[in-house]
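Listing of run.txt; format and content: compact mmCIF, C-alpha atoms.
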# COMPACT_ATOMS: atom_id res chain seq x y z
CA MET A 165 1.51 -13.62 -7.58
CA THR A 166 1.95 -10.07 -8.69
CA GLU A 167 3.74 -9.11 -5.46
CA ALA A 168 6.42 -11.78 -5.81
CA ARG A 169 8.09 -10.49 -8.95
CA ASP A 170 11.86 -10.62 -9.31
CA SER A 171 14.26 -8.34 -11.11
CA GLU A 172 13.40 -9.84 -14.53
CA THR A 173 9.96 -8.29 -14.36
CA PRO A 174 9.82 -5.41 -16.82
CA THR A 175 9.52 -1.90 -15.42
CA ALA A 176 6.51 0.27 -16.12
CA ARG A 177 8.67 2.33 -18.47
CA GLN A 178 9.67 -0.70 -20.51
CA ARG A 179 6.06 -1.80 -20.64
CA ARG A 180 4.96 1.60 -21.92
CA ARG A 181 7.72 1.60 -24.53
CA TYR A 182 6.85 -1.84 -25.88
CA PHE A 183 3.13 -1.11 -25.82
CA LEU A 184 3.80 1.87 -28.11
CA LEU A 185 6.20 -0.14 -30.29
CA GLY A 186 3.41 -2.70 -30.76
CA ALA A 187 0.96 0.04 -31.69
CA ARG A 188 3.46 1.37 -34.24
CA ALA A 189 3.75 -2.09 -35.81
CA GLY A 190 0.03 -1.82 -36.58
CA PHE A 191 0.76 1.20 -38.73
CA SER A 192 2.08 -0.85 -41.66
CA VAL A 193 1.06 -2.09 -45.10
CA PRO A 194 -1.06 -4.98 -43.71
CA GLY A 195 -2.59 -2.50 -41.26
CA LEU A 196 -3.50 -0.09 -44.06
CA ILE A 197 -5.01 -2.88 -46.15
CA LEU A 198 -7.06 -3.90 -43.12
CA GLY A 199 -8.20 -0.26 -42.83
CA SER A 200 -9.42 -0.30 -46.44
CA ALA A 201 -11.26 -3.55 -45.72
CA PHE A 202 -12.97 -1.84 -42.78
CA VAL A 203 -14.02 1.02 -45.05
CA GLY A 204 -15.77 -1.61 -47.14
CA PHE A 205 -17.22 -3.38 -44.10
CA ALA A 206 -18.65 -0.14 -42.69
CA GLY A 207 -20.32 0.56 -46.04
CA LEU A 208 -21.72 -2.96 -46.11
CA ALA A 209 -23.05 -2.86 -42.53
CA LYS A 210 -24.67 0.55 -43.02
CA ASP A 211 -26.25 -0.64 -46.21
CA ALA A 212 -27.60 -3.76 -44.48
CA GLY A 213 -29.37 -1.52 -41.95
CA PHE A 214 -26.99 -1.75 -38.99
CA THR A 215 -26.68 1.40 -36.86
CA LEU A 216 -23.28 2.92 -36.01
CA ALA A 217 -23.59 1.66 -32.40
CA GLU A 218 -24.40 -1.88 -33.56
CA THR A 219 -21.52 -1.84 -36.06
CA LEU A 220 -18.98 -0.59 -33.49
CA PHE A 221 -20.30 -3.25 -31.10
CA MET A 222 -19.64 -5.89 -33.78
CA VAL A 223 -16.09 -4.60 -34.23
CA ALA A 224 -15.46 -4.75 -30.46
CA VAL A 225 -16.96 -8.16 -29.64
CA ILE A 226 -16.28 -10.11 -32.88
CA TRP A 227 -13.26 -8.32 -34.37
CA ALA A 228 -12.44 -10.98 -37.02
CA LEU A 229 -13.60 -9.50 -40.33
CA PRO A 230 -14.77 -12.75 -42.02
CA ALA A 231 -16.98 -13.52 -39.01
CA LYS A 232 -18.49 -10.01 -39.13
CA VAL A 233 -19.12 -10.21 -42.87
CA VAL A 234 -20.74 -13.64 -42.44
CA LEU A 235 -22.95 -12.25 -39.65
CA VAL A 236 -24.02 -9.29 -41.80
CA GLY A 237 -24.64 -11.68 -44.71
CA ALA A 238 -26.75 -13.95 -42.49
CA VAL A 239 -28.80 -10.99 -41.20
CA MET A 240 -29.32 -9.80 -44.79
CA SER A 241 -30.64 -13.29 -45.71
CA GLY A 242 -33.08 -13.10 -42.78
CA ALA A 243 -31.42 -15.98 -40.91
CA SER A 244 -32.60 -16.93 -37.42
CA LEU A 245 -30.33 -16.42 -34.40
CA GLY A 246 -29.42 -20.12 -34.40
CA ALA A 247 -28.62 -20.27 -38.12
CA ALA A 248 -26.58 -17.04 -37.93
CA ALA A 249 -24.61 -18.29 -34.90
CA PHE A 250 -23.98 -21.61 -36.65
CA ALA A 251 -22.72 -19.90 -39.82
CA VAL A 252 -20.44 -17.55 -37.85
CA ALA A 253 -19.12 -20.43 -35.72
CA LEU A 254 -18.36 -22.51 -38.84
CA SER A 255 -16.53 -19.58 -40.42
CA SER A 256 -14.47 -19.00 -37.26
CA VAL A 257 -13.15 -22.46 -36.36
CA ARG A 258 -9.90 -21.40 -37.96
CA LEU A 259 -9.35 -18.94 -35.09
CA MET A 260 -8.63 -21.90 -32.82
CA PRO A 261 -5.47 -23.17 -34.59
CA MET A 262 -4.34 -19.55 -35.06
CA VAL A 263 -4.57 -18.96 -31.31
CA MET A 264 -2.86 -22.29 -30.65
CA ALA A 265 0.05 -21.23 -32.84
CA LEU A 266 0.27 -17.76 -31.27
CA VAL A 267 0.13 -18.72 -27.58
CA PRO A 268 3.60 -20.34 -27.40
CA GLU A 269 5.06 -17.20 -29.03
CA LEU A 270 3.20 -14.89 -26.70
CA ARG A 271 3.65 -16.62 -23.37
CA GLY A 272 6.41 -15.65 -20.93
CA SER A 273 7.44 -17.90 -18.07
CA ARG A 274 5.05 -16.20 -15.63
CA THR A 275 2.26 -14.98 -17.91
CA PRO A 276 -1.05 -15.50 -16.08
CA ARG A 277 -3.60 -17.63 -17.91
CA TRP A 278 -6.26 -14.88 -17.90
CA VAL A 279 -3.94 -12.53 -19.84
CA LEU A 280 -3.73 -15.12 -22.63
CA TYR A 281 -7.52 -15.54 -22.65
CA ALA A 282 -8.02 -11.76 -22.76
CA LEU A 283 -5.46 -11.25 -25.54
CA SER A 284 -6.81 -14.16 -27.59
CA HIS A 285 -9.93 -12.07 -28.22
CA PHE A 286 -7.85 -9.85 -30.53
CA VAL A 287 -6.69 -12.68 -32.76
CA ALA A 288 -7.75 -12.17 -36.39
CA VAL A 289 -5.81 -12.55 -39.60
CA THR A 290 -3.98 -9.20 -39.72
CA SER A 291 -2.96 -9.00 -36.04
CA TRP A 292 -1.95 -12.65 -36.21
CA VAL A 293 0.24 -12.23 -39.30
CA LEU A 294 1.90 -9.09 -37.91
CA SER A 295 2.51 -10.57 -34.46
CA MET A 296 3.86 -13.89 -35.75
CA GLN A 297 6.33 -11.81 -37.80
CA GLN A 298 7.36 -9.37 -35.08
CA LEU A 299 7.13 -11.28 -31.78
CA PRO A 300 10.36 -13.31 -32.13
CA ALA A 301 12.30 -10.02 -32.00
CA VAL A 302 10.54 -8.86 -28.81
CA PRO A 303 11.89 -9.82 -25.34
CA ARG A 304 9.73 -12.65 -24.04
CA ALA A 305 8.67 -10.88 -20.85
CA LEU A 306 7.34 -7.96 -22.92
CA ARG A 307 5.55 -9.87 -25.69
CA THR A 308 2.07 -9.71 -24.17
CA THR A 309 2.50 -5.95 -23.69
CA TYR A 310 3.67 -5.54 -27.28
CA TYR A 311 0.77 -7.61 -28.59
CA ALA A 312 -1.73 -5.62 -26.50
CA GLY A 313 -0.40 -2.40 -28.05
CA LEU A 314 -0.67 -3.82 -31.58
CA ALA A 315 -4.12 -5.31 -31.03
CA LEU A 316 -5.66 -2.27 -29.34
CA PHE A 317 -4.23 0.10 -31.95
CA LEU A 318 -5.70 -1.95 -34.81
CA MET A 319 -9.10 -2.20 -33.13
CA LEU A 320 -9.41 1.47 -32.11
CA ALA A 321 -8.07 2.79 -35.43
CA ASN A 322 -10.59 0.68 -37.35
CA MET A 323 -13.43 1.79 -35.06
CA LEU A 324 -12.53 5.35 -36.09
CA VAL A 325 -12.56 4.24 -39.74
CA VAL A 326 -16.04 2.77 -39.27
CA ALA A 327 -17.33 5.93 -37.58
CA ALA A 328 -15.85 8.10 -40.34
CA VAL A 329 -17.48 6.02 -43.09
CA PHE A 330 -20.87 6.13 -41.33
CA SER A 331 -20.69 9.91 -41.04
CA VAL A 332 -20.02 10.51 -44.75
CA ALA A 333 -21.85 7.53 -46.30
CA GLU A 334 -25.14 9.41 -46.76
CA SER A 335 -23.58 12.14 -48.84
CA LEU A 336 -21.53 9.95 -51.17
CA PRO A 337 -22.36 9.97 -54.89
CA GLU A 338 -23.74 6.67 -56.18
CA PRO A 339 -20.59 5.41 -57.99
CA VAL A 340 -18.55 5.93 -54.81
CA SER A 341 -21.07 3.99 -52.70
CA ALA A 342 -20.99 1.20 -55.27
CA ALA A 343 -17.18 1.18 -55.19
CA LEU A 344 -17.33 1.02 -51.38
CA LEU A 345 -19.54 -2.06 -51.52
CA LEU A 346 -17.13 -3.78 -53.93
CA LEU A 347 -14.23 -3.41 -51.43
CA THR A 348 -15.29 -6.27 -49.13
CA PRO A 349 -15.68 -8.96 -51.81
CA MET A 350 -12.40 -7.94 -53.47
CA TYR A 351 -10.51 -7.90 -50.18
CA PHE A 352 -11.64 -11.44 -49.35
CA LEU A 353 -11.30 -12.74 -52.90
CA THR A 354 -7.60 -11.85 -52.84
CA SER A 355 -6.70 -12.41 -49.18
CA LEU A 356 -8.49 -15.79 -48.96
CA TRP A 357 -6.66 -17.04 -52.05
CA GLY A 358 -3.34 -15.82 -50.64
CA SER A 359 -3.82 -17.36 -47.21
CA ALA A 360 -4.83 -20.83 -48.45
CA ARG A 361 -2.28 -23.30 -47.17
CA GLU A 362 -3.09 -26.22 -49.45
CA ARG A 363 -4.69 -26.70 -52.85
CA ALA A 364 -7.91 -27.72 -51.09
CA GLY A 365 -8.24 -24.10 -49.88
CA HIS A 366 -8.40 -22.85 -53.47
CA VAL A 367 -10.90 -25.56 -54.42
CA ALA A 368 -13.03 -24.65 -51.37
CA MET A 369 -12.97 -20.99 -52.37
CA LEU A 370 -14.08 -21.61 -55.97
CA LEU A 371 -16.84 -24.00 -54.83
CA GLY A 372 -18.03 -21.55 -52.16
CA LEU A 373 -18.15 -18.68 -54.68
CA ALA A 374 -20.42 -20.73 -56.94
CA LEU A 375 -22.50 -22.51 -54.29
CA GLY A 376 -23.25 -19.36 -52.23
CA PRO A 377 -25.49 -17.75 -54.90
CA VAL A 378 -26.97 -21.16 -55.85
CA PHE A 379 -28.08 -21.90 -52.27
CA HIS A 380 -29.17 -18.28 -51.86
CA VAL A 381 -31.83 -19.07 -54.46
CA LEU A 382 -32.60 -22.61 -53.26
CA SER A 383 -32.65 -22.01 -49.49
CA PRO A 384 -31.89 -18.40 -48.56
CA ARG A 385 -31.98 -18.88 -44.79
CA PHE A 386 -29.36 -21.63 -44.79
CA ASP A 387 -27.35 -20.58 -47.87
CA LEU A 388 -24.07 -19.93 -46.08
CA VAL A 389 -24.03 -23.06 -43.94
CA ALA A 390 -25.07 -25.28 -46.87
CA ALA A 391 -22.44 -23.78 -49.20
CA GLY A 392 -19.77 -23.98 -46.50
CA VAL A 393 -20.41 -27.58 -45.48
CA ILE A 394 -20.92 -28.93 -49.01
CA GLY A 395 -18.19 -26.84 -50.69
CA GLY A 396 -15.74 -27.44 -47.82
CA GLY A 397 -16.58 -31.16 -47.69
CA LEU A 398 -15.99 -31.57 -51.43
CA ALA A 399 -12.70 -29.64 -51.19
CA TYR A 400 -11.63 -31.92 -48.35
CA ALA A 401 -12.53 -35.00 -50.43
CA PHE A 402 -10.39 -33.52 -53.23
CA HIS A 403 -7.56 -33.15 -50.71
CA ARG A 404 -7.83 -36.81 -49.65
CA VAL A 405 -8.00 -38.11 -53.23
CA THR A 406 -5.07 -36.07 -54.61
CA ARG A 407 -2.91 -36.90 -51.60
CA ARG A 408 -3.56 -40.60 -51.99
CA ARG A 409 -2.64 -40.38 -55.66
CA SER A 410 0.61 -38.53 -55.00
CA SER A 411 1.79 -40.79 -52.19
CA MET B 182 -38.66 -16.79 -35.86
CA MET B 183 -35.79 -15.17 -33.95
CA THR B 184 -34.36 -13.04 -36.76
CA PHE B 185 -32.34 -9.83 -36.35
CA ASP B 186 -35.52 -7.75 -36.75
CA ALA B 187 -37.77 -10.05 -34.70
CA LEU B 188 -38.01 -7.91 -31.55
CA ASP B 189 -38.61 -4.18 -31.50
CA GLN B 190 -36.38 -3.65 -28.46
CA TRP B 191 -33.18 -1.57 -28.44
CA TRP B 192 -31.22 -4.40 -26.81
CA TRP B 193 -32.26 -7.19 -29.18
CA PRO B 194 -29.75 -6.45 -32.00
CA PHE B 195 -26.95 -6.27 -29.41
CA LEU B 196 -27.99 -9.59 -27.86
CA PHE B 197 -28.18 -11.08 -31.37
CA ILE B 198 -24.63 -9.84 -32.11
CA LEU B 199 -23.41 -11.10 -28.72
CA VAL B 200 -24.74 -14.64 -29.26
CA ALA B 201 -24.24 -15.06 -33.02
CA GLY B 202 -21.03 -12.99 -33.09
CA TRP B 203 -19.08 -12.87 -29.84
CA LEU B 204 -19.98 -16.34 -28.56
CA ALA B 205 -19.51 -17.94 -31.98
CA THR B 206 -15.98 -16.49 -32.39
CA ASP B 207 -14.46 -16.21 -28.90
CA PHE B 208 -15.53 -19.78 -28.15
CA TRP B 209 -12.88 -20.92 -30.66
CA ARG B 210 -10.26 -18.46 -29.46
CA TYR B 211 -10.69 -19.53 -25.81
CA LEU B 212 -10.60 -23.17 -26.86
CA GLY B 213 -7.33 -22.43 -28.67
CA VAL B 214 -5.78 -21.02 -25.45
CA TYR B 215 -7.16 -23.95 -23.46
CA LEU B 216 -5.79 -26.59 -25.82
CA GLY B 217 -2.41 -24.87 -26.01
CA GLY B 218 -0.18 -26.46 -28.63
CA HIS B 219 -1.60 -29.99 -28.73
CA LEU B 220 -2.92 -30.08 -32.30
CA SER B 221 -0.65 -30.20 -35.33
CA GLU B 222 -1.14 -27.52 -37.99
CA ASP B 223 -1.14 -30.18 -40.75
CA SER B 224 -3.62 -32.53 -39.11
CA ASP B 225 -6.36 -33.75 -41.43
CA LEU B 226 -9.07 -32.35 -39.18
CA LEU B 227 -7.65 -28.85 -39.60
CA VAL B 228 -7.59 -29.22 -43.39
CA LEU B 229 -11.34 -29.94 -43.24
CA VAL B 230 -11.92 -27.05 -40.82
CA ARG B 231 -10.06 -24.62 -43.05
CA ALA B 232 -11.86 -25.88 -46.18
CA VAL B 233 -15.34 -25.40 -44.62
CA ALA B 234 -14.45 -21.94 -43.29
CA THR B 235 -13.00 -20.90 -46.66
CA ALA B 236 -16.02 -22.16 -48.62
CA LEU B 237 -18.38 -20.38 -46.21
CA VAL B 238 -16.64 -17.01 -46.49
CA ALA B 239 -16.39 -17.51 -50.27
CA ALA B 240 -20.16 -18.10 -50.32
CA VAL B 241 -20.65 -14.68 -48.70
CA ILE B 242 -18.39 -13.12 -51.34
CA GLY B 243 -20.33 -14.83 -54.12
CA ASN B 244 -23.60 -13.51 -52.69
CA LEU B 245 -22.18 -9.98 -52.33
CA ILE B 246 -21.24 -10.00 -56.02
CA VAL B 247 -24.31 -11.78 -57.46
CA PHE B 248 -26.97 -10.39 -55.05
CA PRO B 249 -25.52 -7.06 -53.85
CA SER B 250 -27.36 -4.38 -51.92
CA GLY B 251 -27.52 -0.59 -52.13
CA ALA B 252 -25.78 1.31 -54.89
CA LEU B 253 -23.97 -1.79 -56.16
CA ALA B 254 -27.37 -3.38 -56.92
CA ASP B 255 -27.94 -0.74 -59.61
CA THR B 256 -25.03 -2.06 -61.69
CA THR B 257 -25.38 -5.00 -64.06
CA LEU B 258 -24.36 -8.51 -62.98
CA ALA B 259 -22.01 -8.67 -65.98
CA LEU B 260 -20.16 -5.53 -64.85
CA ARG B 261 -19.77 -6.80 -61.28
CA ILE B 262 -18.48 -10.22 -62.36
CA THR B 263 -16.13 -8.63 -64.92
CA ALA B 264 -14.75 -6.19 -62.34
CA ALA B 265 -14.21 -8.95 -59.76
CA ALA B 266 -12.70 -11.38 -62.29
CA VAL B 267 -10.33 -8.81 -63.84
CA GLY B 268 -9.28 -7.59 -60.38
CA PHE B 269 -8.65 -11.14 -59.25
CA LEU B 270 -6.63 -11.97 -62.40
CA ALA B 271 -4.57 -8.80 -61.87
CA TYR B 272 -3.92 -9.96 -58.31
CA LEU B 273 -2.75 -13.39 -59.55
CA VAL B 274 -0.59 -12.06 -62.38
CA LEU B 275 0.91 -8.92 -60.78
CA GLY B 276 2.69 -10.41 -57.79
CA ARG B 277 -0.30 -11.38 -55.62
CA ARG B 278 -0.75 -7.99 -53.99
CA ILE B 279 -4.15 -7.47 -52.35
CA LEU B 280 -4.11 -3.72 -53.08
CA VAL B 281 -3.53 -4.35 -56.82
CA GLY B 282 -6.55 -6.67 -56.97
CA ILE B 283 -8.78 -4.18 -55.18
CA LEU B 284 -7.67 -1.16 -57.24
CA VAL B 285 -8.00 -2.91 -60.63
CA ALA B 286 -11.51 -4.16 -59.76
CA GLU B 287 -12.53 -0.66 -58.68
CA ALA B 288 -11.07 0.79 -61.90
CA VAL B 289 -13.12 -1.63 -64.02
CA LEU B 290 -16.25 -0.73 -62.02
CA ALA B 291 -15.55 2.98 -62.52
CA ALA B 292 -15.03 2.42 -66.26
CA GLY B 293 -18.37 0.62 -66.32
CA PHE B 294 -20.05 3.60 -64.66
CA LEU B 295 -18.42 5.97 -67.18
CA VAL B 296 -19.75 4.08 -70.19
CA GLY B 297 -23.10 3.98 -68.44
CA SER B 298 -23.89 0.34 -67.91

Would you mind giving the structure from this file in structure tokens?
Amino acid sequence: MTEARDSETPTARQRRRYFLLGARAGFSVPGLILGSAFVGFAGLAKDAGFTLAETLFMVAVIWALPAKVVLVGAVMSGASLGAAAFAVALSSVRLMPMVMALVPELRGSRTPRWVLYALSHFVAVTSWVLSMQQLPAVPRALRTTYYAGLALFLMLANMLVVAAVFSVAESLPEPVSAALLLLTPMYFLTSLWGSARERAGHVAMLLGLALGPVFHVLSPRFDLVAAGVIGGGLAYAFHRVTRRRSS
Amino acid sequence: MMTFDALDQWWWPFLFILVAGWLATDFWRYLGVYLGGHLSEDSDLLVLVRAVATALVAAVIGNLIVFPSGALADTTLALRITAAAVGFLAYLVLGRRILVGILVAEAVLAAGFLVGS
């Protein structure tokens, strides 16, 4: 297939240009906020006993920050492999509709399927928001290249952030370490609220906040899954009831 | 039980991360590519999916505030909840900017450290 390209196929120079343009799009306000969230995540992971290699490995293979924070939380609770995988999978179902929304934007007429599978690995909230904003202005044949530049920049830059935090974390004064550990909850408290698409999202968040600590006491190894399923289920019931009343 | 610390082998934590992290996230991403655009964003199933995911991540946040680790564990629960609540209110009131919420919460925490709680 690659041999039979016509004149509409972008040149190597165009590809390089759009790859760099994509990378530059990562250097933006959402990108900087993501960087601060990774400062917090690195502090959290180090504190939970993860090594630098393990933490960088998490960044590379998981990438989505909520999934990483859930995994660290599950490890801190002493969850088994099965319970941790279940909690992370439950927290990550939302990646599927995000990918489904992105693929039609990303795909050119001759984009091979494997490129879409490979690029889907980089889908997480920040890269998704940025690319859904920027992609319509990018020529269709160059969108995958642009997205690859954006995604790789965000991942590599945040790996550097993680490495930097690990190298200084030992020597930080106590108030600074404490402030570092407050970054992750504050980032998610605000970004989760902002990204909720319906009222049920806000209800789910408030229930989860309360049920997490409750189940942590009642059943520490399954706290996250229990809080997620019960809190999410109740929020969904709320959604059904209020919709019926309004219609 | 197969916990993160169960095996004293260098590769065990990486295998744990691969199964509980990579498999549990990329499974959904690959499924999203596979399914293409056949599911509506407003479908009821997706509302449930989003609600469960949101509650689960919120549960982690709640635990990080109520049962923190490291240096944050040396602060009082009242200070942590006050910092988070004031930061969140600032986020809601001052134009829903994530940075505002984070900075205000950190300022309250720093004030708490200064008065020695």

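Distances from A:Ser192, A:Arg408, A:Ile226, A:Val332 to chain B were compared using all atoms listed in the file, and the smallest one belongs to A:Ile226.
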
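Using only C-alpha atoms, the nearest neighbour of chain A within the list B:Trp203, B:Trp192, B:Tyr215, B:Phe208 is B:Trp203.
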
- Task: Identify which of the residues A:Val234, A:Ala321, A:Val329, A:Leu336 lies closest to chain B, counting only C-alpha atoms when measuring atom-to-atom distances.
- Result: A:Val234

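For the pair atom CA of B:Val247 and atom CA of B:Ala259, the interatomic distance is 9.4 Å.
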
- Task: Rounded to one decimal place, report the atom CA of B:Leu204-atom CA of B:Ser224 distance in Å.
- Result: 25.3 Å

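Nearest residue to B:Ala266, choosing from A:Gly395, A:Phe386, A:Leu373, A:Val293 and counting only C-alpha atoms: A:Leu373.
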
Please report, as AutoDock Vina command-line options, the centre and edge lengths in Å to one decimal of an axis-aligned box covering all listed atoms of stretch 389-399 of chain A with 5 Å per side.
--center_x -18.9 --center_y -27.3 --center_z -47.7 --size_x 22.4 --size_y 18.5 --size_z 17.5

- Note on the structure: Of A:Gly204, A:Phe286, A:Ala391, A:Leu270, the one nearest to A:Gln298 when counting only C-alpha atoms is A:Leu270

- To one decimal in Å, tell me the separation between atom CA of B:Gly243 and atom CA of A:Gly376. 5.7 Å

- Message: Excluding A:Pro303 and its own-chain neighbours fewer than 2 positions away, which residues fall within 12 Å of it when counting all atoms listed in the file? Please give them as number ranges by chain.
- Response: A: 172-174, 178-179, 182, 269-273, 298-301, 305-311

- Item | Radius query 12 Å about (-15.7, -3.4, -63.2), atoms used: all atoms listed in the file, as a ChimeraX atom specification | /A:339,342-343,346-347,350 /B:246,253,256-269,282-298

- Query: Between B:Met182, B:Leu226, B:Leu196, B:Leu275, which has the minimum distance to chain A (counting only C-alpha atoms)?
  - Reply: B:Met182

- Task: Select all residues near (-17.2, -18.8, -31.7) (cut-off 10 Å, inclusive, file coordinates), counting only C-alpha atoms, and output them as an MDAnalysis selection string.
- Result: (chainID A and resid 226 231 249:260) or (chainID B and resid 200:212)

- Message: Residues within 9 Å of B:Val228, please, as an MDAnalysis selection string. Count only C-alpha atoms; anything in the same chain fewer than 6 positions from it doesn't count.
- Response: (chainID A and resid 361:362 364:365 400 403) or (chainID B and resid 222)

- Do a neighbour search on A:Leu345 at 9 Å with all atoms listed in the file, toss out local chain neighbours closer than 2 positions, and write the hits as a list of chain:residue names. A:Gly204, A:Phe205, A:Gly207, A:Leu208, A:Asp211, A:Val340, A:Ser341, A:Ala342, A:Ala343, A:Leu347, A:Thr348, A:Pro349, B:Leu245, B:Pro249, B:Ser250, B:Gly251, B:Ala252, B:Leu253
